[in-house]
Amino acid sequence: MAALETPQPSTLRHAFGNVLSIFVLLLIGVFAFSIRLFSVIKYESVIHEFDPYFNYRVTQFLTKNGIYDFWNWFDDRTWYPLGRVIGGTVYPGLTLTAGTLWRILNTLNIPLSVETVCVFTAPIFSAFASWATYLLTKEVKGVGAGLTAAALLAMVPSYISRSVAGSYDNEAVAIFALIFTFYLYIKALNTGSLFYATLNAIAYFYMVCSWGGYTFIINLIPMHVLLCIVTGRYSSRLYIAYAPLVVLGTLLASLVPVVGFNAVMTSEHFASFLVFIIIHVVALVYYIKGMISPQMFKVAVTLVVSVGLIVCGAVLAVLIALVASSPTKGWSGRSLSLLDPTYASKYIPIIASVSEHQPPTWPSYFMDINVLAFLVPAGIIACFLPLSDASSFAVLYIATSVYFSGVMVRLMLVLAPAACIMSGIALSEAFGVFTRSIKFQLPGVSQNSPVNAGDAGNVMQNDVVKTEKSEDSLKERPSRKNKKKEKDKVERASVVPQIEKRLLVLPLEASIIAIFLLVLLGAFYVVHCVWAAAEAYSAPSIVLTSRSHDGLHVFDDFREAYGWLRHNTEVDDKVASWWDYGYQTTAMANRTVIVDNNTWNNTHIATVGTAMSSPEKAAWEIFNSLDVKYVLVVFGGLVGYPSDDINKFLWMVRIGGGVFPHIKEPDYLRDGQYRIDSQATPTMLNCLMYKLSYYRFVETDGKGFDRVRNTEIGKKYFKLTHFEEVFTTHHWMVRIYKLKPPKNRIRGKTKKAKSKASSKRSGTPKKNPWH
Amino acid sequence: MSGRKSITISLLILNLLSFLPLLTISFSPDQPTDRRILVLLDDLALKSSHSIFFTSLQSRGFDLDFKLADDPSIAVKRYGQYLYDGLILFSPSTDRLGGSLDLEGVLDFVDSGHDLILAADVSASDLIRSIAAECGVDFDEDASAMVIDHTGYAVSQLEGDHTLVAADDFVQSDIILGNTKIEAPVLFKGTGHSLNPDNSLVLKVLSASSSAYSSNPASKLSNPPSLTGSAISLVSVVQARNNARIIISGSLDLFSNRLFRSGVQKAGSSYKFEKSGNEQFVTELSKWVFHERGHLKAVNLKHNKVGGTDEPSMYRINDDLEFSVEIYEWTGTSWVPYVANDVQVQFYMMSPYVLKTLSTDQKGLYHTSFKVPDVYGVFQFKVEYQRLGYTSLSLSKQIPVRPFRHNEYERFITTAFPYYGASFSTMAGFFIFSIVYLYNK
């Protein structure tokens with residue numbers, strides 16, 4: 001293929017390269033979509049995890065009731081009795097996207113269910129995301145790097161983990177929006193076109209609609225602008241790329257109900273305004289510099305600097321006063337825990353309790369981005385050879401996202417595209433160098449070197465663009481001073497390869513071996529990614545499987561339990577559980593819950609935590625005051641399901657104790673150790689969570705052996721007085737209890753033996769936090 | 001599948017048909033007075049010795065079924081349906097009830113909403129004592145103890161140990177004891193009991209005077225008696241949470257013809273009543289316990305926006321709404337409007353946000369109107385009405401309150417005029433600037 005190309009005139013070669021790259025991109029899109037279908041094939045077309053169920057429910061509401069009702073939706077089936085204003089507290093991007101998709105399909109007479117559309121939204125958007133990556137990387141380092149980065153992103157495990165079919169979460173569309181916004185910013189920066197700057201603001205708006213991570217954009221872009229200004233790279237293109245984004249972007253962002261005035265009032269957004277002021281000052285300085293003589297300019301500089309300092313001081317004072325007047329210094333808890341990684345564990349147990357908010361371990365880097373972790377440094381070096389505005393942005397992007405991913409494992413997702421871009425650059429540069437070395441040493445046999453045709457296309461293409469780029473960046477500096485009116489023309493004209501003299505040429509054998517090793521590395525990456533997609537990240541977590549010597553076991557207890565609730569309880573009954581299961585209960589069982597995964601009211605969650613960690617009687621009173629009819633606990637002791645309520649229990653104690661101080665964590669620990677065996681503290685053995693989890697557990701195997709904690713439980717035989725078991729699923733993973741009504745009669749105290757117990761019970765001080 | 005379903009449905013209909021005649025004459029929410037009453041006796045002689053009481057019940061339309069307490073054919077329940085609406089246990093000495101009835105059976109009978117008259121006596125059996133204890137009444141632990149009152153005894157020729165007490169310390173409630181004041185003291189001879197003051201369901205109807213105490217009259221008093229003074233209750237009533245009513249008396253003789261007819265002269269008083277208060281007391285109490293009096297029902301709990309008639313599924317904050325509920329009282333034969341000025345409604349979300357006394361139109365309709373508070377959430381209309389002697393009313397109806405819709409806010413507000421001015425002047429300024437910049441070269 002390459003052999004065919006070489007003799008052709010360069011325009012034909014160009015056209016062929018374009019067609020080829022479009023074809024490759026199409027394949028990448030198909031690949032990105034299909035690698036995410038393992039979950040559908042291995043399990044079924046079903047919504048995964050917790051948050052997706054809420055998004056699914058919201059989408060159903062949207063498709064049924066229309067956008068205005070969605071905007072004004074007051075949900076009375078969650079956070080009972082407070083309710084939740086869904087329209088004003090949800091990022092609507094994902095829902096609107098899927099809803100629109102569904103509507104379009106239905107108008108085309110393709111009658112797909114809402115659920116199907118929701119399941120496949122994430123794979124579709126990951127194809128879009130890989131195309132956006134291509135565009136962004138193309139702007140940074142050319143087509144070859146773009147294609148490589150797109151291919152890498154299509155299968156990066158970190159992104160797969162959040163976008164397999166069924167993982168219907170905000171991140172599914174947000175990553176596409178993030179990359180696309182960055183692309184448009186770089187495009188606007190490279191071209192200086194107001195059109196792209198406006199598109200950029202609109203893409204930013206879509207990102208704000210989709211995910212709270214938009215603050216990353218509105219901080220990263222100002223940082224880059226500041227970097228450009230400080231390094232003397234200010235240009236009118238920079239101004240055009242940035243100023244419309246701030247003005248339009250902020251206006252548009254404040255249209256999203258969940259953001260609203262936050263767009264101008266919280267500290268997350270202040271950086272952009274500060275840089276907005278600075279870029280104007282700098283623009284003014286450049287303008288004045290162009291108008292007046294150097295001597296006058298010096299005078300003006302001193303004048304402006306002094307005035308500017310005063311203005312800055314005033315603005316700073318106002319800002320500091322504003323920031324200091326708010327209790328959290330204007331930052332939201334999640335942002336604070338980003339800046340100070342220890343913040344959450346110290347002050348907000350509810351953020352720290354979520355596993356995806358924990359810092360990642362080293363193996364998780366290898367698991368999630370695999371060989372990219374080693375290619376990133378090479379990519380960074382490639383970005384400095386030579387450094388352009390666009391490549392400096394890429395470097396800044398990778399640097400910040402590495403930091404953020406180190407704070408929260410969930411932000412590994414932001415790192416993944418950056419790592420793909422960097423690795424794409426690194427790989428394509430490396431291929432470029434090696435194939436060029438081979439080509440120059442063996443003129444005429446260059447078609448032997450690449451392993452397959454796709455690579456050849458990439459490399460050749462890359463070669464050309466590489467030259468274009470280096471040409472371009474060479475010309476950039478002088479042309480900037482002449483306000484570079486002719487820049488576009490220069491770019492279009494620079495096709496003549498005149499590279500030989502500057503290029504690093506490696507020995508032939510070394511090049512061949514290196515290319516072989518690189519292909520091996522790529523192959524290893526592909527194998528790892530496919531394995532991760534097939535095995536590690538495809539489990540929907542509501543259906544579990546385990547493989548043992550006698551075959552495959554399927555644990556479908558969650559849906560069994562929710563189905564039971566849906567069919568056997570009254571429509572208005574309230575179900576209490578730990579907040580993890582709130583979204584699923586409302587979506588699958590259609591019952592009112594007390595708390596759910598939108599953890600907006602800490603006190604309410606603490607109330608449930610307190611009830612779970614209280615003795616039965618006190619817990620009954622708390623639940624009764626909340627009109628709770630059923631209590632649902634998740635118990636993994638029988639089948640060894642580790643993320644059950646007993647393992648989450650210490651967080652309930654911590655969160656409950658944070659608001660109601662009579663719950664003390666040390667009461668539940670024996671010598672600082674969390675245990676449920678015979679050494680456990682009496683408080684632990686008498687709390688509601690223990691009782692509801694282990695009620696009748698001893699009947700299963702006769703000794704009550706917990707297969708998660710690997711111990712025999714401490715208290716085996718006990719009765720429940722205020723709760724009754726109404727349903728336990730097949731593998732005991734979900735147990736549902738009903739609150740008994742208050743006693744019809746109140747006993748006297750004649751019988752000696754029972755009188756003590758009853759008087760003690762009635763004498764317990766009320767621990768109901770509502771009183 | 002469908003075949004089985006149709007069979008069950010036809011069975012259900014058959015069941016309903018067979019019970020229909022029973023249901024029409026028995027206790028029901030619409031006809032809350034009891035009809036069929038099982039009377040368990042120690043001795044069939046009681047039937048004649050307490051005939052006045054039984055006759056008064058029968059004359060009021062009750063269908064009494066007398067059985068010996070150890071009759072093996074006793075059954076209160078068949079096929080899950082109770083055969084009786086009330087139970088009179090005049091068998092203080094029975095240790096075991098006959099047939100399938102036992103302690104649990106009696107308690108289940110009460111817990112399913114049926115009424116009970118329990119008469120104990122000196123040396124009552126453990127069974128009777130445990131039934132009483134389960135209902136919150138503790139008889140004197142000394143089985144042979146009697147209530148003795150050396151100042152409040154009834155003067156008589158025969159008995160000199162002052163165990164025939166003339167008690168006149170009644171509970172102040174027209175609902176329980178009827179409108180007519182009981183003039184004559186009630187003669188009581190039997191064992192006393194105490195109540196747990198924390199127990200809100202049980203109530204002393206007839207308490208002993210402050211000089212009474214409980215002890216065995218035959219033996220010397222060596223230790224201070226465990227029950228003394230007005231803490232001793234002679235007759236108590238219980239209204240369980242499901243509105244089942246229970247009378248517990250420490251004396252079986254209280255109901256006897258002998259004490260009904262006997263005259264009474266209280267010690268220290270010169271006036272001698274021709275007839276004791278027993279008959280009036282017991283009759284009125286039995287009217288109460290069998291739901292001929294003091295039974296309320298609340299129906300038609302309705303709410304709507306002021307100006308509307310339909311019940312909305314959701315209110316908006318600051319809506320004005322009207323609330324109404326109808327409350328009726330059962331007279332034994334028909335429902336009449338209940339008239340009171342202390343019925344309140346709460347608009348409740350974890351705590352009452354609005355608490356309003358309802359005004360009545362004297363025809364049973366209670367209504368009020370108020371403004372929904374400026375708080376959104378899932379509220380409840382709650383009517384909690386608990387008055388002495390009446391069945392408790394506890395109604396709640398859930399209603400969500402939503403915030404303003406996006407287009408329900410005011411579009412232009414005065415305080416924002418400076419901002420409107422600022423934005424429009426900026427627009428004008430930009431326009432002028434553009435013209436000047438573009439065309440002024």
# chains A, B, ... in the order shown; residues from 1 in each chain; ligands from 1
call {"tool": "interface_residues", "arguments": {"of": "chain A", "to": "chain B", "cutoff": "9 Å", "atoms": "only C-alpha atoms", "output": "VMD selection string"}}
result
chain A and resid 68 to 69 71 to 77 79 to 85 572 625 to 626 742 to 751 762 770
call {"tool": "residues_around", "arguments": {"residues": "Gly658 in chain A", "least_positions_apart": "6", "cutoff": "12 Å", "atoms": "only C-alpha atoms", "output": "list in words"}}
result
Lys346, Tyr347, Ile348, Pro349, Ile350, Asn602, Thr603, His604, Ile605, Ala606, Thr607, Gly609, Thr610, Trp651, Met652, Lys664 and Glu665 of chain A
call {"tool": "residues_around", "arguments": {"residues": "Ser401 in chain A", "least_positions_apart": "3", "cutoff": "12 Å", "atoms": "only C-alpha atoms", "output": "PyMOL selection string"}}
result
chain A and resi 213+216-217+219-220+338+394-398+404-419
call {"tool": "write_last_selection", "arguments": {"atoms": "N, CA, C and O atoms", "output": "CSV table (one decimal), in the first residue's frame"}}
result
chain,number,residue,atom,x,y,z
A,213,GLY,N,-17.9,17.5,36.7
A,213,GLY,CA,-16.4,17.6,36.3
A,213,GLY,C,-16.1,18.8,35.4
A,213,GLY,O,-15.0,19.0,35.0
A,216,PHE,N,-13.3,21.2,36.0
A,216,PHE,CA,-12.0,20.9,35.5
A,216,PHE,C,-11.7,21.7,34.2
A,216,PHE,O,-10.6,22.3,34.1
A,217,ILE,N,-12.6,21.8,33.3
A,217,ILE,CA,-12.4,22.6,32.1
A,217,ILE,C,-12.2,24.0,32.5
A,217,ILE,O,-11.3,24.7,32.0
A,219,ASN,N,-11.2,25.4,34.9
A,219,ASN,CA,-9.9,25.7,35.6
A,219,ASN,C,-8.7,25.4,34.8
A,219,ASN,O,-7.7,26.2,34.8
A,220,LEU,N,-8.8,24.4,34.0
A,220,LEU,CA,-7.6,24.0,33.2
A,220,LEU,C,-7.4,25.0,32.0
A,220,LEU,O,-6.2,25.4,31.8
A,338,LEU,N,-10.4,17.5,46.7
A,338,LEU,CA,-9.5,17.4,45.6
A,338,LEU,C,-8.2,18.2,45.9
A,338,LEU,O,-7.1,17.8,45.7
A,394,ALA,N,-1.7,20.1,26.1
A,394,ALA,CA,-1.7,18.7,26.3
A,394,ALA,C,-0.9,18.4,27.6
A,394,ALA,O,-1.3,17.6,28.4
A,395,VAL,N,0.3,19.0,27.7
A,395,VAL,CA,1.2,18.8,28.8
A,395,VAL,C,0.5,19.2,30.1
A,395,VAL,O,0.5,18.5,31.1
A,396,LEU,N,-0.1,20.4,30.1
A,396,LEU,CA,-0.8,20.9,31.2
A,396,LEU,C,-2.0,19.9,31.6
A,396,LEU,O,-2.2,19.6,32.8
A,397,TYR,N,-2.7,19.4,30.6
A,397,TYR,CA,-3.8,18.5,30.9
A,397,TYR,C,-3.3,17.3,31.6
A,397,TYR,O,-3.9,16.8,32.6
A,398,ILE,N,-2.2,16.7,31.1
A,398,ILE,CA,-1.8,15.4,31.7
A,398,ILE,C,-1.3,15.7,33.1
A,398,ILE,O,-1.6,14.9,34.0
A,404,PHE,N,-5.0,14.8,40.0
A,404,PHE,CA,-6.4,14.6,40.4
A,404,PHE,C,-6.6,13.1,40.5
A,404,PHE,O,-7.3,12.6,41.4
A,405,SER,N,-6.1,12.3,39.6
A,405,SER,CA,-6.3,10.9,39.7
A,405,SER,C,-5.7,10.3,40.9
A,405,SER,O,-6.1,9.3,41.4
A,406,GLY,N,-4.6,11.0,41.4
A,406,GLY,CA,-4.0,10.5,42.6
A,406,GLY,C,-4.8,10.8,43.8
A,406,GLY,O,-4.6,10.1,44.9
A,407,VAL,N,-5.7,11.7,43.7
A,407,VAL,CA,-6.6,12.0,44.9
A,407,VAL,C,-7.8,11.1,44.9
A,407,VAL,O,-8.1,10.6,46.0
A,408,MET,N,-8.4,10.9,43.8
A,408,MET,CA,-9.7,10.2,43.8
A,408,MET,C,-9.6,9.2,42.7
A,408,MET,O,-9.3,9.5,41.5
A,409,VAL,N,-9.9,7.9,43.0
A,409,VAL,CA,-9.8,6.9,42.0
A,409,VAL,C,-10.7,7.1,40.8
A,409,VAL,O,-10.5,6.8,39.7
A,410,ARG,N,-11.8,7.8,41.1
A,410,ARG,CA,-12.8,8.1,40.1
A,410,ARG,C,-12.3,9.0,39.0
A,410,ARG,O,-12.8,8.9,37.9
A,411,LEU,N,-11.4,9.9,39.4
A,411,LEU,CA,-10.9,10.8,38.4
A,411,LEU,C,-9.8,10.2,37.5
A,411,LEU,O,-9.2,10.9,36.7
A,412,MET,N,-9.5,8.9,37.7
A,412,MET,CA,-8.7,8.2,36.8
A,412,MET,C,-9.3,8.3,35.4
A,412,MET,O,-8.6,8.3,34.4
A,413,LEU,N,-10.6,8.5,35.4
A,413,LEU,CA,-11.3,8.7,34.1
A,413,LEU,C,-10.9,9.9,33.4
A,413,LEU,O,-10.9,9.9,32.1
A,414,VAL,N,-10.6,11.0,34.1
A,414,VAL,CA,-10.1,12.2,33.4
A,414,VAL,C,-8.7,12.0,32.9
A,414,VAL,O,-8.3,12.6,31.9
A,415,LEU,N,-7.9,11.2,33.7
A,415,LEU,CA,-6.6,11.0,33.3
A,415,LEU,C,-6.5,10.1,32.0
A,415,LEU,O,-5.6,10.4,31.1
A,416,ALA,N,-7.4,9.2,31.8
A,416,ALA,CA,-7.4,8.3,30.7
A,416,ALA,C,-7.2,9.0,29.4
A,416,ALA,O,-6.3,8.6,28.6
A,417,PRO,N,-8.1,9.9,29.0
A,417,PRO,CA,-7.9,10.6,27.7
A,417,PRO,C,-6.6,11.3,27.6
A,417,PRO,O,-5.9,11.2,26.5
A,418,ALA,N,-6.2,11.9,28.6
A,418,ALA,CA,-4.9,12.6,28.6
A,418,ALA,C,-3.7,11.6,28.3
A,418,ALA,O,-2.9,11.8,27.5
A,419,ALA,N,-3.8,10.5,29.0
A,419,ALA,CA,-2.8,9.4,28.9
A,419,ALA,C,-2.8,8.9,27.4
A,419,ALA,O,-1.8,8.6,26.8
call {"tool": "closest_residue", "arguments": {"among": "B:Thr391, B:Ser173, B:Thr191, B:Ser269", "to": "Asp142 in chain B", "atoms": "only C-alpha atoms"}}
result
B:Thr191
call {"tool": "residues_around", "arguments": {"residues": "range 183-194 of chain A", "least_positions_apart": "4", "cutoff": "7 Å", "atoms": "only C-alpha atoms", "output": "PyMOL selection string"}}
result
chain A and resi 135-136+139+179+198-200+237-238+240-241+390
call {"tool": "write_last_selection", "arguments": {"atoms": "all heavy atoms", "output": "mmCIF file, in the first residue's frame"}}
result
data_model
loop_
_atom_site.group_PDB
_atom_site.id
_atom_site.type_symbol
_atom_site.label_atom_id
_atom_site.label_comp_id
_atom_site.auth_asym_id
_atom_site.auth_seq_id
_atom_site.Cartn_x
_atom_site.Cartn_y
_atom_site.Cartn_z
ATOM 1 N N LEU A 135 -9.577 14.220 16.869
ATOM 2 C CA LEU A 135 -9.558 15.634 16.487
ATOM 3 C C LEU A 135 -8.596 16.425 17.367
ATOM 4 O O LEU A 135 -7.791 17.226 16.886
ATOM 5 C CB LEU A 135 -10.970 16.217 16.590
ATOM 6 C CG LEU A 135 -11.977 15.669 15.575
ATOM 7 C CD1 LEU A 135 -13.375 16.158 15.896
ATOM 8 C CD2 LEU A 135 -11.577 16.105 14.177
ATOM 9 N N LEU A 136 -8.700 16.191 18.697
ATOM 10 C CA LEU A 136 -7.857 16.950 19.620
ATOM 11 C C LEU A 136 -6.386 16.656 19.368
ATOM 12 O O LEU A 136 -5.556 17.571 19.241
ATOM 13 C CB LEU A 136 -8.240 16.587 21.065
ATOM 14 C CG LEU A 136 -7.377 17.182 22.170
ATOM 15 C CD1 LEU A 136 -7.365 18.702 22.068
ATOM 16 C CD2 LEU A 136 -7.895 16.774 23.536
ATOM 17 N N GLU A 139 -4.991 18.182 16.296
ATOM 18 C CA GLU A 139 -4.656 19.594 16.474
ATOM 19 C C GLU A 139 -3.322 19.751 17.178
ATOM 20 O O GLU A 139 -2.585 20.704 16.951
ATOM 21 C CB GLU A 139 -5.741 20.306 17.283
ATOM 22 C CG GLU A 139 -7.025 20.571 16.521
ATOM 23 C CD GLU A 139 -6.779 21.394 15.266
ATOM 24 O OE1 GLU A 139 -6.084 22.431 15.364
ATOM 25 O OE2 GLU A 139 -7.257 20.984 14.188
ATOM 26 N N ILE A 179 -13.487 16.034 26.072
ATOM 27 C CA ILE A 179 -12.465 16.005 25.015
ATOM 28 C C ILE A 179 -12.856 16.936 23.881
ATOM 29 O O ILE A 179 -12.027 17.667 23.340
ATOM 30 C CB ILE A 179 -12.280 14.561 24.498
ATOM 31 C CG1 ILE A 179 -11.875 13.647 25.646
ATOM 32 C CG2 ILE A 179 -11.240 14.517 23.405
ATOM 33 C CD1 ILE A 179 -11.906 12.196 25.279
ATOM 34 N N THR A 198 -17.038 30.121 19.597
ATOM 35 C CA THR A 198 -18.447 30.050 19.968
ATOM 36 C C THR A 198 -18.878 28.596 20.128
ATOM 37 O O THR A 198 -19.557 28.241 21.092
ATOM 38 C CB THR A 198 -19.309 30.732 18.897
ATOM 39 O OG1 THR A 198 -18.684 31.958 18.538
ATOM 40 C CG2 THR A 198 -20.694 30.991 19.405
ATOM 41 N N LEU A 199 -18.460 27.761 19.166
ATOM 42 C CA LEU A 199 -18.742 26.328 19.295
ATOM 43 C C LEU A 199 -18.187 25.794 20.606
ATOM 44 O O LEU A 199 -18.805 24.974 21.279
ATOM 45 C CB LEU A 199 -18.124 25.555 18.130
ATOM 46 C CG LEU A 199 -18.867 25.552 16.813
ATOM 47 C CD1 LEU A 199 -18.197 24.557 15.877
ATOM 48 C CD2 LEU A 199 -20.319 25.154 17.031
ATOM 49 N N ASN A 200 -17.017 26.287 20.941
ATOM 50 C CA ASN A 200 -16.373 25.854 22.176
ATOM 51 C C ASN A 200 -17.260 26.161 23.374
ATOM 52 O O ASN A 200 -17.457 25.317 24.257
ATOM 53 C CB ASN A 200 -15.021 26.564 22.303
ATOM 54 C CG ASN A 200 -14.231 26.081 23.494
ATOM 55 O OD1 ASN A 200 -14.478 24.984 23.970
ATOM 56 N ND2 ASN A 200 -13.319 26.893 23.960
ATOM 57 N N ARG A 237 -5.171 35.218 18.887
ATOM 58 C CA ARG A 237 -5.847 33.922 18.819
ATOM 59 C C ARG A 237 -6.188 33.426 20.208
ATOM 60 O O ARG A 237 -7.275 32.883 20.439
ATOM 61 C CB ARG A 237 -4.945 32.893 18.118
ATOM 62 C CG ARG A 237 -4.775 33.123 16.640
ATOM 63 C CD ARG A 237 -3.804 32.137 16.064
ATOM 64 N NE ARG A 237 -2.452 32.335 16.590
ATOM 65 C CZ ARG A 237 -1.811 31.466 17.329
ATOM 66 N NH1 ARG A 237 -2.367 30.316 17.618
ATOM 67 N NH2 ARG A 237 -0.608 31.723 17.798
ATOM 68 N N LEU A 238 -5.243 33.630 21.116
ATOM 69 C CA LEU A 238 -5.485 33.208 22.497
ATOM 70 C C LEU A 238 -6.675 33.963 23.072
ATOM 71 O O LEU A 238 -7.554 33.385 23.723
ATOM 72 C CB LEU A 238 -4.234 33.476 23.338
ATOM 73 C CG LEU A 238 -4.273 32.936 24.757
ATOM 74 C CD1 LEU A 238 -4.271 31.423 24.738
ATOM 75 C CD2 LEU A 238 -3.116 33.459 25.574
ATOM 76 N N ILE A 240 -9.122 35.307 21.418
ATOM 77 C CA ILE A 240 -10.368 34.866 20.778
ATOM 78 C C ILE A 240 -10.783 33.498 21.295
ATOM 79 O O ILE A 240 -11.967 33.206 21.466
ATOM 80 C CB ILE A 240 -10.196 34.852 19.239
ATOM 81 C CG1 ILE A 240 -10.137 36.290 18.748
ATOM 82 C CG2 ILE A 240 -11.324 34.108 18.551
ATOM 83 C CD1 ILE A 240 -9.702 36.422 17.324
ATOM 84 N N ALA A 241 -9.815 32.669 21.583
ATOM 85 C CA ALA A 241 -10.167 31.338 22.084
ATOM 86 C C ALA A 241 -10.716 31.406 23.499
ATOM 87 O O ALA A 241 -11.558 30.600 23.877
ATOM 88 C CB ALA A 241 -8.945 30.419 22.051
ATOM 89 N N ALA A 390 -0.734 24.353 21.448
ATOM 90 C CA ALA A 390 -1.571 23.171 21.613
ATOM 91 C C ALA A 390 -0.875 22.104 22.441
ATOM 92 O O ALA A 390 -1.457 21.513 23.341
ATOM 93 C CB ALA A 390 -1.929 22.601 20.247
#
call {"tool": "residues_around", "arguments": {"residues": "range 99-104 of chain A", "least_positions_apart": "3", "cutoff": "7 Å", "atoms": "only C-alpha atoms", "output": "short mmCIF file (atom, residue, chain, number, x, y, z; two decimals) with N, CA, C and O atoms, in the first residue's frame"}}
result
data_model
loop_
_atom_site.label_atom_id
_atom_site.label_comp_id
_atom_site.auth_asym_id
_atom_site.auth_seq_id
_atom_site.Cartn_x
_atom_site.Cartn_y
_atom_site.Cartn_z
N THR A 59 -34.82 9.39 32.96
CA THR A 59 -35.04 9.36 31.51
C THR A 59 -36.45 8.87 31.19
O THR A 59 -37.12 9.40 30.31
N LEU A 62 -38.68 11.66 31.75
CA LEU A 62 -38.54 12.66 30.67
C LEU A 62 -39.30 12.22 29.43
O LEU A 62 -40.05 13.00 28.84
N THR A 63 -39.12 10.96 29.05
CA THR A 63 -39.77 10.52 27.81
C THR A 63 -41.28 10.47 27.99
O THR A 63 -42.02 10.60 27.02
N THR A 95 -29.49 12.65 30.51
CA THR A 95 -30.90 12.33 30.36
C THR A 95 -31.45 12.92 29.07
O THR A 95 -32.15 12.24 28.32
N LEU A 96 -31.12 14.19 28.83
CA LEU A 96 -31.63 14.83 27.63
C LEU A 96 -31.06 14.15 26.38
O LEU A 96 -31.77 13.97 25.39
N THR A 107 -39.33 8.57 16.17
CA THR A 107 -39.92 9.24 15.02
C THR A 107 -39.50 8.55 13.72
O THR A 107 -40.19 8.65 12.72
N LEU A 108 -38.36 7.87 13.78
CA LEU A 108 -37.93 7.10 12.60
C LEU A 108 -38.58 5.72 12.57
O LEU A 108 -38.16 4.85 11.82
N VAL A 114 -36.97 2.63 26.15
CA VAL A 114 -36.10 3.62 26.77
C VAL A 114 -34.88 2.92 27.37
O VAL A 114 -33.76 3.42 27.30
N VAL A 117 -32.19 2.15 24.82
CA VAL A 117 -31.45 3.36 24.46
C VAL A 117 -30.48 3.73 25.56
O VAL A 117 -29.31 4.04 25.31
#
call {"tool": "select_by_dssp", "arguments": {"residues": "range 223-350 of chain B", "states": "strand (DSSP E)", "output": "number ranges by chain"}}
result
B: 233-239, 245-249, 264-265, 272-273, 295-305, 315-316, 320-330, 335-337, 344-349
call {"tool": "residues_around", "arguments": {"residues": "Val343 in chain B", "least_positions_apart": "6", "cutoff": "9 Å", "atoms": "only C-alpha atoms", "output": "PDB file with C-alpha atoms, in the first residue's frame"}}
result
ATOM      1  CA  LYS B 356     -55.414  24.305  63.450  1.00  0.00           C
ATOM      2  CA  THR B 357     -58.534  23.735  65.486  1.00  0.00           C
ATOM      3  CA  LEU B 358     -61.345  22.668  63.229  1.00  0.00           C
ATOM      4  CA  SER B 359     -64.648  24.472  63.328  1.00  0.00           C
ATOM      5  CA  THR B 360     -67.788  22.399  63.104  1.00  0.00           C
ATOM      6  CA  TYR B 366     -65.329  19.761  60.630  1.00  0.00           C
ATOM      7  CA  VAL B 383     -56.059  14.197  62.806  1.00  0.00           C
ATOM      8  CA  GLU B 384     -55.139  12.736  66.165  1.00  0.00           C
ATOM      9  CA  TYR B 385     -58.106  12.818  68.474  1.00  0.00           C
TER      10      TYR B 385
END
call {"tool": "residues_around", "arguments": {"residues": "Pro32 in chain B", "least_positions_apart": "2", "cutoff": "10 Å", "atoms": "only C-alpha atoms", "output": "PyMOL selection string"}}
result
chain B and resi 26-30+34-35+85+290-293+295-297+330-334
call {"tool": "closest_residue", "arguments": {"among": "A:Ile515, A:Val140, A:Val247, A:Leu650", "to": "Pro386 in chain A", "atoms": "only C-alpha atoms"}}
result
A:Val140
call {"tool": "select_by_dssp", "arguments": {"residues": "range 129-307 of chain B", "states": "alpha helix (DSSP H)", "output": "tab-separated table (two decimals) with C-alpha atoms, in the first residue's frame"}}
result
chain	number	residue	atom	x	y	z
B	129	ARG	CA	-54.51	-13.07	86.82
B	130	SER	CA	-52.32	-13.49	83.76
B	131	ILE	CA	-55.08	-12.31	81.44
B	132	ALA	CA	-55.41	-9.22	83.63
B	133	ALA	CA	-51.63	-8.75	83.76
B	134	GLU	CA	-51.41	-8.97	79.98
B	174	ASP	CA	-69.91	10.83	81.12
B	175	ILE	CA	-68.86	8.69	78.23
B	176	ILE	CA	-67.84	5.73	80.33
B	177	LEU	CA	-70.41	6.03	83.13
B	257	ASN	CA	-78.30	-9.72	92.02
B	258	ARG	CA	-77.65	-9.60	95.76
B	259	LEU	CA	-75.53	-6.49	95.65
B	260	PHE	CA	-77.68	-4.97	92.89
B	261	ARG	CA	-80.70	-5.08	95.17
B	278	ASN	CA	-74.10	-1.32	91.40
B	279	GLU	CA	-76.82	-1.82	88.82
B	280	GLN	CA	-76.47	1.60	87.29
B	281	PHE	CA	-72.68	1.40	87.40
B	282	VAL	CA	-72.45	-2.01	85.80
B	283	THR	CA	-75.10	-1.31	83.17
B	284	GLU	CA	-73.50	1.92	82.08
B	285	LEU	CA	-70.09	0.32	82.03
B	286	SER	CA	-71.36	-2.57	79.92
B	287	LYS	CA	-72.86	-0.09	77.46
B	288	TRP	CA	-69.45	1.45	77.11
B	289	VAL	CA	-67.54	-1.79	76.83
